[in-house]
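Visitor: Below is a structure I'd like to ask you about.
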Amino acid sequence: MTGPTTTTQASSRPAGSALRVAAVQAASGLDPAENRARLADLCPDATDLVVLPEAFARDFGEAGSDVSGHAEPLGGPFDAELEAVATARDTTVVAGMFETGADPARPFNTLLVRGAARAAYRKVHLYDSFGYRESNRLTAGDPDPVVVEVGGFAVGLMTCYDLRFPELARALVDRGAEVLVVPAAWVAGPRKVDHWRTLVRARAIENTVFVVAAGQPGPRYTGHSMVVDPLGDVLAEAGDGPATVTATLTREALVTARRTNPSLANRRL
């Protein structure tokens with residue numbers, strides 16, 4: 001797995017004082033070439049961190065579909081285009097793909113981080129829930145938290161169903177994460193929007209971190225991409241259709257939240 005990379009970004013602001021983020025709520029299709037071609041238009045300018053949804057390189061297709069034929073290696077076509085777009089925009093972009101692994105029939109569900117920071121995170125918690133069996137088609141990644149530095153902020157990586165496991169979020173925070181990014185394809189259904197909104201805010205509140213959660217839109221998925229601050233206030237939120245939500249995360253807000261609610265310092269293990 002590619003490790004964290006620390007990069008200093010040119011800016012008129014002091015390093016690490018603020019981070020401009022965008023959560024892109026866009027549907028991926030079944031044609032990988034078309035999805036790659038859309039990346040440049042979807043990634044906004046003047047943004048330090050752009051988060052696209054899970055499986056953006058190619059959608060899951062019908063429930064239970066074999067996605068192995070659409071898996072790519074690191075350095076493949078999707079990786080190369082993501083790197084090119086991130087470099088052209090002078091930003092860091094996070095997006096999901098299916099990555100070839102040791103088992104050709106069961107690839108990894110991987111997040112790529114490309115641009116000013118570089119990493120790859122393979123989804124740990126596969127979606128064996130609500131009648132689905134993601135583990136039938138995909139291989140779980142090594143449960144080793146992945147944190148990268150973007151614009152002076154430590155950013156931890158999670159994917160979709162990982163959001164239901166507070167242990168992973170806390171492990172990322174124990175590694176220094178100040179921002180959690182959560183690309184998702186959160187399947188629509190009864191209570192699902194409520195679960196999504198509640199869990200995104202809970203991960204922010206219990207860890208006093210920012211959360212940037214980018215989902216695919218309806219009707220198949222829930223949408224409601226969000227940016228939440230360390231006290232649980234929603235800074236920006238989409239509806240269920242295609243959208244891009246933006247916000248500026250500040251060091252001052254993080255420090256103030258952790259002073260107001262020092263729950264991390266008050267832990268007794």
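Chain lettering (A, B, ...) mirrors the order of the structure tokens, residue numbering begins at 1 for each chain separately, and ligand numbering begins at 1 in order of display.
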Which polymer residues have any atom within 10 Å of an atom of Leu249 of chain A, counting only C-alpha atoms, with same-chain residues fewer than 3 positions away left out, as a list in words?
Guide: Gly16, Ser17, Ala18, Leu19, Arg20, Val21, Phe153, Val179, Phe210, Val211, Val212, Val227, Val228, Asp229, Pro230, Leu235, Thr246, Glu252, Ala253 and Leu254 of chain A
Visitor: Got a sec: who's within 10 Å of Asp48 of chain A, counting only C-alpha atoms, leaving out chain neighbours fewer than 6 positions off, as an MDAnalysis selection string?
Guide: chainID A and resid 9 11 18:22 86 89:93 115:116 150:151 248
Visitor: Can you write just those residues out, C-alpha atoms, as a tab-separated table (two decimals), in the first residue's frame?
Guide:
chain	number	residue	atom	x	y	z
A	9	GLN	CA	1.38	23.83	-1.03
A	11	SER	CA	-0.64	29.70	-0.69
A	18	ALA	CA	-7.19	26.69	6.42
A	19	LEU	CA	-8.11	23.98	3.93
A	20	ARG	CA	-10.53	24.55	1.04
A	21	VAL	CA	-12.47	21.34	0.38
A	22	ALA	CA	-15.03	20.15	-2.14
A	86	ALA	CA	-4.88	16.77	-9.74
A	89	ARG	CA	-5.62	21.79	-10.75
A	90	ASP	CA	-2.69	22.00	-8.28
A	91	THR	CA	-4.74	20.14	-5.71
A	92	THR	CA	-5.22	16.76	-4.04
A	93	VAL	CA	-8.02	14.53	-5.34
A	115	GLY	CA	-1.78	15.26	-6.56
A	116	ALA	CA	-0.13	17.21	-3.76
A	150	VAL	CA	-2.83	17.93	2.74
A	151	GLY	CA	-2.14	21.63	3.10
A	248	THR	CA	-13.21	26.04	4.23
Visitor: Show me, as a ChimeraX atom specification, the residues that have an atom within 7 Å of Arg36 of chain A when counting only C-alpha atoms, minus same-chain residues fewer than 3 positions from it.
Guide: /A:32-33,39,57,78,81
Visitor: I'd like to know which of A:Ile205, A:Ala213, A:Val200, A:Leu138 is closest to Ser65 of chain A, using only C-alpha atoms.
Guide: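 Answer, going by the shortest atom-to-atom distance: A:Leu138.
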Visitor: I want to know what sits within 9 Å of Pro217 of chain A, based on only C-alpha atoms, with residues of the same chain fewer than 4 positions away left out; could you give that as a tab-separated table (two decimals) with C-alpha atoms, in the first residue's frame?
Guide:
chain	number	residue	atom	x	y	z
A	25	GLN	CA	-21.66	14.27	-5.58
A	26	ALA	CA	-21.54	12.73	-9.05
A	27	ALA	CA	-22.78	9.40	-10.34
A	185	ALA	CA	-21.95	4.85	-2.63
A	186	TRP	CA	-24.47	4.71	0.23
A	221	TYR	CA	-27.78	6.08	-3.74
A	222	THR	CA	-28.69	8.54	-1.00
A	223	GLY	CA	-26.62	11.58	-1.95
A	224	HIS	CA	-26.48	14.13	0.91
A	225	SER	CA	-22.76	14.74	0.63
A	239	GLY	CA	-29.64	17.03	-1.53
A	240	ASP	CA	-30.06	13.77	-3.40
A	241	GLY	CA	-29.17	15.04	-6.90
A	242	PRO	CA	-25.82	15.82	-8.55
A	243	ALA	CA	-24.04	18.62	-6.70
Visitor: Write out as a list in words the residues lying within 12 Å of Arg133 of chain A, counting only C-alpha atoms and excluding same-chain residues fewer than 4 positions away.
Guide: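 Listing them by chain and then by number gives Ala63, Gly64, Ser65, Asp66, His125, Leu126, Tyr127, Asp128, Ser129, Arg137, Leu138 and Thr139 of chain A.
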Visitor: If you run DSSP on this backbone, which residues of segment 119-214 of chain A come out as helix (DSSP H, G or I), and could you give them as a ChimeraX atom specification?
Guide: /A:134-136,160-164,166-174,192-207
Visitor: When you look at segment 262-269 of chain A with a cut-off of 7 Å (counting only C-alpha atoms), what residues show up, excluding the ones that are within fewer than 3 positions of it in the same chain? I need them as a list of chain:residue names.
Guide: A:Asn207, A:Arg258, A:Arg259
Visitor: State, in Å with one decimal place, the distance from atom CA of Ala140 of chain A to atom CA of Arg114 of chain A.
Guide: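 Calculated distance between atom CA of Ala140 of chain A and atom CA of Arg114 of chain A is 21.6 Å.
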Visitor: From the set A:Ala169, A:Val148, A:Ala105, A:Leu157, which residue has the shortest atom-to-atom contact distance to Gly69 of chain A, counting only C-alpha atoms?
Guide: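 Smallest distance to Gly69 of chain A is found for A:Ala105.
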Visitor: Please provide as a count of residues only all residues within 8 Å of Thr159 of chain A, with the sequence filter that same-chain residues fewer than 2 positions apart are discarded (counting only C-alpha atoms).
Guide: 10
Visitor: Check segment 20-257 of chain A with DSSP on the backbone and list each residue it calls strand (DSSP E or B), as a PyMOL selection string.
Guide: chain A and resi 20-25+49-51+72+92-99+108-115+119-122+139+147-150+153-157+179-184+187+210-215+221+226-228+234-237+243-250
Visitor: Point out the residue among A:Arg201, A:Arg118, A:Ala236, A:Gly176 with the least atom-to-atom distance to Thr87 of chain A, counting only C-alpha atoms.
Guide: A:Arg118
Visitor: Between A:Gly232, A:Pro73, A:Pro107, A:Gly96, which residue has the minimum interatomic distance to Ala214 of chain A, considering only C-alpha atoms?
Guide: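 With only C-alpha atoms as the atom set, the closest residue is A:Gly96.
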Visitor: Quick one, how far is atom CA of Pro145 of chain A from atom CA of Val173 of chain A?
Guide: 9.2 Å
